[in-house]
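Data file: work-v5.pdb. Format and content: PDB, C-alpha atoms.
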```pdb
ATOM      1  CA  MET I   1       4.656 157.490  96.023
ATOM      2  CA  GLU I   2       5.171 158.264  92.339
ATOM      3  CA  ASN I   3       5.753 161.684  90.784
ATOM      4  CA  LEU I   4       2.106 162.000  89.698
ATOM      5  CA  GLU I   5       0.871 161.013  93.162
ATOM      6  CA  PHE I   6       3.110 163.592  94.878
ATOM      7  CA  ALA I   7       1.961 166.299  92.450
ATOM      8  CA  THR I   8      -1.677 165.371  93.167
ATOM      9  CA  LEU I   9      -1.044 165.383  96.926
ATOM     10  CA  THR I  10       0.621 168.789  96.648
ATOM     11  CA  GLN I  11      -2.357 170.166  94.688
ATOM     12  CA  GLN I  12      -4.690 168.871  97.391
ATOM     13  CA  ILE I  13      -2.569 170.468 100.115
ATOM     14  CA  ALA I  14      -2.679 173.787  98.225
ATOM     15  CA  SER I  15      -6.486 173.609  98.077
ATOM     16  CA  HIS I  16      -6.516 173.702 101.901
ATOM     17  CA  LEU I  17      -4.144 176.675 102.191
ATOM     18  CA  GLU I  18      -6.011 179.924 101.613
ATOM     19  CA  GLY I  19      -4.285 182.115  99.030
ATOM     20  CA  TRP I  20      -1.940 179.331  97.863
ATOM     21  CA  THR I  21      -1.931 177.411  94.586
ATOM     22  CA  TRP I  22       0.068 174.555  93.136
ATOM     23  CA  ASP I  23       2.767 175.776  90.753
ATOM     24  CA  GLU I  24       3.841 173.245  88.156
ATOM     25  CA  PRO I  25       7.574 172.544  88.459
ATOM     26  CA  LYS I  26       9.701 173.867  85.603
ATOM     27  CA  ASN I  27      11.841 170.715  85.573
ATOM     28  CA  GLU I  28       9.754 167.650  84.800
ATOM     29  CA  HIS I  29      12.642 165.328  85.635
ATOM     30  CA  VAL I  30      12.524 166.125  89.345
ATOM     31  CA  ASP I  31      10.015 163.688  90.789
ATOM     32  CA  ASP I  32      10.352 164.434  94.487
ATOM     33  CA  TRP I  33       9.917 168.202  94.488
ATOM     34  CA  GLN I  34       6.832 170.434  94.182
ATOM     35  CA  LEU I  35       6.103 174.126  94.528
ATOM     36  CA  LEU I  36       3.262 176.162  96.024
ATOM     37  CA  ALA I  37       2.773 179.814  95.046
ATOM     38  CA  GLY I  38       1.357 182.267  97.558
ATOM     39  CA  PRO I  39       0.747 185.964  98.124
ATOM     40  CA  ASP I  40       3.196 188.626  96.871
ATOM     41  CA  GLY I  41       5.424 186.071  95.161
ATOM     42  CA  ALA I  42       5.927 183.864  98.234
ATOM     43  CA  LYS I  43       6.715 180.228  97.404
ATOM     44  CA  LEU I  44       6.889 177.024  99.370
ATOM     45  CA  HIS I  45       9.075 174.106  98.315
ATOM     46  CA  LEU I  46       7.782 170.655  99.178
ATOM     47  CA  ARG I  47      10.273 167.824  98.841
ATOM     48  CA  TYR I  48       9.306 164.200  99.288
ATOM     49  CA  ASP I  49      11.751 161.848 100.991
ATOM     50  CA  LYS I  50      10.637 158.445  99.719
ATOM     51  CA  TYR I  51      12.913 156.592 102.152
ATOM     52  CA  GLY I  52      11.657 158.387 105.248
ATOM     53  CA  GLY I  53       8.099 158.869 104.015
ATOM     54  CA  ARG I  54       8.149 162.551 104.953
ATOM     55  CA  ILE I  55       7.659 165.831 103.153
ATOM     56  CA  ALA I  56      10.096 168.661 103.925
ATOM     57  CA  ILE I  57       8.650 172.174 103.635
ATOM     58  CA  ASN I  58      10.730 175.305 103.253
ATOM     59  CA  GLY I  59      10.169 178.767 101.866
ATOM     60  CA  GLU I  60      11.738 180.695  99.043
ATOM     61  CA  TYR I  61      12.914 184.223  99.836
ATOM     62  CA  PRO I  62      13.575 187.357  97.796
ATOM     63  CA  ARG I  63      17.020 187.338  96.166
ATOM     64  CA  SER I  64      19.330 189.707  94.408
ATOM     65  CA  GLY I  65      22.465 188.182  92.943
ATOM     66  CA  GLY I  66      23.814 185.859  95.593
ATOM     67  CA  THR I  67      22.092 187.599  98.500
ATOM     68  CA  ILE I  68      18.987 186.159 100.163
ATOM     69  CA  TYR I  69      16.704 188.522 102.094
ATOM     70  CA  PRO I  70      16.527 188.350 105.040
ATOM     71  CA  TRP I  71      20.170 187.315 104.986
ATOM     72  CA  HIS I  72      20.506 186.008 108.584
ATOM     73  CA  ASP I  73      19.428 182.399 109.100
ATOM     74  CA  LYS I  74      18.006 183.383 112.501
ATOM     75  CA  ASP I  75      15.520 185.676 110.731
ATOM     76  CA  ARG I  76      14.078 182.768 108.730
ATOM     77  CA  PRO I  77      12.104 179.899 110.267
ATOM     78  CA  ASN I  78      13.559 176.404 110.206
ATOM     79  CA  ASP I  79      12.212 173.964 107.653
ATOM     80  CA  ILE I  80       9.620 171.508 108.870
ATOM     81  CA  THR I  81       8.744 167.964 107.882
ATOM     82  CA  VAL I  82       5.380 166.203 107.919
ATOM     83  CA  SER I  83       4.358 162.630 107.286
ATOM     84  CA  ALA I  84       3.385 162.009 103.664
ATOM     85  CA  GLN I  85       0.856 159.423 104.897
ATOM     86  CA  ARG I  86      -1.430 162.038 106.447
ATOM     87  CA  GLU I  87      -4.482 163.550 104.786
ATOM     88  CA  PRO I  88      -3.860 166.684 102.681
ATOM     89  CA  ARG I  89      -6.029 168.804 105.009
ATOM     90  CA  ALA I  90      -3.984 167.688 108.043
ATOM     91  CA  ILE I  91      -0.713 168.411 106.227
ATOM     92  CA  ALA I  92      -2.004 171.873 105.285
ATOM     93  CA  ARG I  93      -3.004 172.565 108.922
ATOM     94  CA  ASP I  94       0.476 171.491 110.052
ATOM     95  CA  ILE I  95       2.084 173.819 107.520
ATOM     96  CA  GLU I  96      -0.141 176.696 108.683
ATOM     97  CA  ARG I  97       0.419 176.030 112.369
ATOM     98  CA  ARG I  98       4.121 175.206 112.366
ATOM     99  CA  TYR I  99       5.587 177.188 109.486
ATOM    100  CA  LEU I 100       3.458 179.488 107.361
ATOM    101  CA  GLN I 101       2.948 182.468 109.667
ATOM    102  CA  GLU I 102       6.642 182.739 110.571
ATOM    103  CA  TYR I 103       7.619 182.231 106.947
ATOM    104  CA  LEU I 104       5.317 185.005 105.688
ATOM    105  CA  VAL I 105       6.665 187.428 108.318
ATOM    106  CA  ALA I 106      10.241 186.605 107.239
ATOM    107  CA  TYR I 107       9.286 186.788 103.560
ATOM    108  CA  CYS I 108       7.723 190.262 104.000
ATOM    109  CA  LYS I 109      10.816 191.392 105.894
ATOM    110  CA  GLY I 110      12.879 190.059 102.990
ATOM    111  CA  LEU I 111      10.811 192.096 100.506
ATOM    112  CA  GLU I 112      11.374 195.242 102.580
ATOM    113  CA  LEU I 113      15.118 194.593 102.864
ATOM    114  CA  LEU I 114      15.389 193.924  99.130
ATOM    115  CA  SER I 115      13.522 197.141  98.349
ATOM    116  CA  THR I 116      15.816 199.105 100.665
ATOM    117  CA  ALA I 117      18.879 197.457  99.103
ATOM    118  CA  ARG I 118      17.687 198.391  95.605
ATOM    119  CA  VAL I 119      17.106 202.022  96.625
ATOM    120  CA  HIS I 120      20.572 202.060  98.242
ATOM    121  CA  GLU I 121      22.172 200.542  95.120
ATOM    122  CA  GLN I 122      20.419 203.030  92.836
ATOM    123  CA  ALA I 123      21.579 205.952  94.994
ATOM    124  CA  LYS I 124      25.158 204.645  94.691
ATOM    125  CA  LYS I 125      24.835 204.394  90.901
ATOM    126  CA  ASP I 126      23.357 207.898  90.707
ATOM    127  CA  LEU I 127      26.284 209.319  92.690
ATOM    128  CA  ALA I 128      28.790 207.395  90.544
ATOM    129  CA  THR I 129      27.165 208.743  87.365
ATOM    130  CA  LYS I 130      27.319 212.287  88.744
ATOM    131  CA  GLN I 131      31.003 211.914  89.671
ATOM    132  CA  ALA I 132      31.879 210.381  86.284
ATOM    133  CA  LYS I 133      30.141 213.218  84.400
ATOM    134  CA  LEU I 134      32.009 215.743  86.535
ATOM    135  CA  CYS I 135      35.284 214.181  85.360
ATOM    136  CA  GLY I 136      34.124 213.621  81.782
ATOM    137  CA  GLU I 137      34.527 209.854  82.120
ATOM    138  CA  SER I 138      32.399 206.752  81.577
ATOM    139  CA  LEU I 139      31.567 204.300  84.326
ATOM    140  CA  HIS I 140      33.127 200.833  84.358
ATOM    141  CA  ALA I 141      30.852 197.794  83.957
ATOM    142  CA  SER I 142      29.993 197.715  87.680
ATOM    143  CA  GLY I 143      28.332 201.104  87.322
ATOM    144  CA  LEU I 144      29.999 202.238  90.532
ATOM    145  CA  GLU I 145      33.518 203.250  89.517
ATOM    146  CA  PHE I 146      35.635 204.923  86.890
ATOM    147  CA  SER I 147      39.239 205.893  86.277
ATOM    148  CA  GLN I 148      40.929 208.942  84.887
ATOM    149  CA  TYR I 149      44.488 208.985  83.598
ATOM    150  CA  ARG I 150      46.514 212.145  83.335
ATOM    151  CA  ASP I 151      49.887 211.019  82.032
ATOM    152  CA  ASP I 152      51.543 214.241  83.031
ATOM    153  CA  CYS I 153      50.329 214.443  86.644
ATOM    154  CA  PHE I 154      48.194 211.616  88.145
ATOM    155  CA  HIS I 155      45.979 208.541  87.889
ATOM    156  CA  LEU I 156      42.595 208.822  89.635
ATOM    157  CA  GLN I 157      40.441 205.844  90.634
ATOM    158  CA  VAL I 158      36.933 206.691  91.914
ATOM    159  CA  ARG I 159      34.614 204.127  93.511
ATOM    160  CA  VAL I 160      31.281 204.825  95.187
ATOM    161  CA  GLU I 161      31.069 202.765  98.371
ATOM    162  CA  HIS I 162      27.810 204.162  99.812
ATOM    163  CA  PRO I 163      25.203 206.663  98.604
ATOM    164  CA  ASP I 164      27.114 209.416 100.420
ATOM    165  CA  CYS I 165      30.695 208.114 100.383
ATOM    166  CA  VAL I 166      33.253 207.988  97.585
ATOM    167  CA  ARG I 167      36.627 206.259  97.706
ATOM    168  CA  LEU I 168      39.285 208.197  95.819
ATOM    169  CA  THR I 169      42.654 206.699  95.042
ATOM    170  CA  ILE I 170      45.212 209.034  93.543
ATOM    171  CA  ASP I 171      48.459 207.609  92.223
ATOM    172  CA  ASP I 172      51.553 209.326  90.832
ATOM    173  CA  LEU I 173      50.614 212.796  92.062
ATOM    174  CA  HIS I 174      53.301 215.475  91.727
ATOM    175  CA  ALA I 175      54.539 216.775  95.080
ATOM    176  CA  GLU I 176      53.128 220.328  94.718
ATOM    177  CA  LEU I 177      49.710 219.045  93.687
ATOM    178  CA  ALA I 178      49.741 216.485  96.508
ATOM    179  CA  GLU I 179      50.453 219.243  99.006
ATOM    180  CA  ALA I 180      47.587 221.344  97.645
ATOM    181  CA  VAL I 181      45.185 218.358  97.825
ATOM    182  CA  VAL I 182      46.210 217.524 101.404
ATOM    183  CA  LYS I 183      45.812 221.171 102.516
ATOM    184  CA  PHE I 184      42.394 221.353 100.863
ATOM    185  CA  LEU I 185      41.214 218.146 102.518
ATOM    186  CA  LEU I 186      42.487 219.191 105.939
ATOM    187  CA  GLN I 187      40.808 222.561 105.595
ATOM    188  CA  GLN I 188      37.494 220.889 104.677
ATOM    189  CA  ALA I 189      37.761 218.454 107.595
ATOM    190  CA  ARG I 190      38.220 221.155 110.245
ATOM    191  CA  PRO I 191      35.118 221.697 112.372
ATOM    192  CA  SER I 192      33.501 225.038 111.702
ATOM    193  CA  SER I 193      33.426 227.541 114.581
TER     194      SER I 193
END
```
Could you spell out this file's structure in structure tokens?
Amino acid sequence: MENLEFATLTQQIASHLEGWTWDEPKNEHVDDWQLLAGPDGAKLHLRYDKYGGRIAINGEYPRSGGTIYPWHDKDRPNDITVSAQREPRAIARDIERRYLQEYLVAYCKGLELLSTARVHEQAKKDLATKQAKLCGESLHASGLEFSQYRDDCFHLQVRVEHPDCVRLTIDDLHAELAEAVVKFLLQQARPSS
């Protein structure tokens, strides 16, 4: 099967999948790979194995940086393969029956997890900005940490780990100031009566 034939077959498969359309590949030099676009940004990759005569189908999931959502393999359905010799309608039915429903459930879960992760990340950045302003400092490139140098008494490193948790590292603290900080922290950590 040539590139043009596989693209035509993929278009015909898409015509039998409600809500799905053929999406022209960005790289014209890949002749064994096609893409279907579905609801809410869902995408299916179809890859033709010319030696085995089969088409492998797998889904694309929401991503942020290097993280795929959902991140556990067990939360995503396994890829399937179908014979490339079958009729487009039969291939589409196989995709619907064996893959599509599970994929869309996993894809929607991925969208929810990505949204939650973005809210979480923004809350961390908001807290870091608040802490940096309090100290009169600018955030480092990560947007989650900053440093403050006081040559005469200490070096402070602040990093926001969670939306409600800050990691403070204090170096070179004079003994009297260290004692005052420790007493303050212990006093704050005591359970109230």
Assuming the chain letters and numbering stay as they are in my file, what does the PyMOL selection byres ((chain I and resi 162) around 9) actually select? List them as a PDB file with C-alpha atoms, in the coordinates of the input.
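Below is the file result_10.pdb, written as the result:
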```
ATOM      1  CA  HIS I 120      20.572 202.060  98.242  1.00  0.00           C
ATOM      2  CA  GLU I 121      22.172 200.542  95.120  1.00  0.00           C
ATOM      3  CA  ALA I 123      21.579 205.952  94.994  1.00  0.00           C
ATOM      4  CA  LYS I 124      25.158 204.645  94.691  1.00  0.00           C
ATOM      5  CA  LEU I 127      26.284 209.319  92.690  1.00  0.00           C
ATOM      6  CA  VAL I 160      31.281 204.825  95.187  1.00  0.00           C
ATOM      7  CA  GLU I 161      31.069 202.765  98.371  1.00  0.00           C
ATOM      8  CA  PRO I 163      25.203 206.663  98.604  1.00  0.00           C
ATOM      9  CA  ASP I 164      27.114 209.416 100.420  1.00  0.00           C
ATOM     10  CA  CYS I 165      30.695 208.114 100.383  1.00  0.00           C
ATOM     11  CA  VAL I 166      33.253 207.988  97.585  1.00  0.00           C
TER      12      VAL I 166
END
```
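With only C-alpha atoms taken into account, the protein and nucleic acid residues at most 10 Å from stretch 4-14 of chain I (excluding it and anything under 6 positions from it in its own chain) are Trp20, Thr21, Trp22, Asp23, Glu24, Pro25, Asp31, Asp32, Trp33, Gln34, Leu35, Leu36, Ala37, Gly38, Leu46, Arg47, Tyr48, Ile55, Ala84, Glu87, Pro88, Arg89, Ala90, Ile91, Ala92, Arg93 and Ile95 of chain I.
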Picked residues, the PyMOL selection byres ((chain I and resi 133-137) around 12), as a PyMOL selection string: chain I and resi 126-132+138-140+143+145-150+156-158
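Among the candidates I:Gly66, I:Leu185, I:Ser142, I:Ser83, the residue lying nearest to I:Tyr51 is I:Ser83 (atoms considered: only C-alpha atoms).
Across I:Arg86, I:Lys50, I:Arg118, I:Lys26, the tightest approach to I:Tyr69 is made by I:Arg118 when counting only C-alpha atoms.
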Nearby residues (only C-alpha atoms) at most 8 Å from I:Asn58, same-chain spacing under 3 positions excluded, as a PyMOL selection string: chain I and resi 44-46+78-80
Residue nearest I:Gly52 - candidates I:Asp172, I:Val181, I:Tyr107, I:Thr81, atoms counted: all atoms listed in the file: I:Thr81
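Put simply, atom CA of I:Gln122 is 24.1 Å away from atom CA of I:Ala106.
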Picked residues, the PyMOL selection byres ((chain I and resi 77) around 8), as a PyMOL selection string: chain I and resi 73-76+78-79+99+102-103+106
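The spacing separating atom CA of I:Asp94 from atom CA of I:Glu112 amounts to 27.2 Å.
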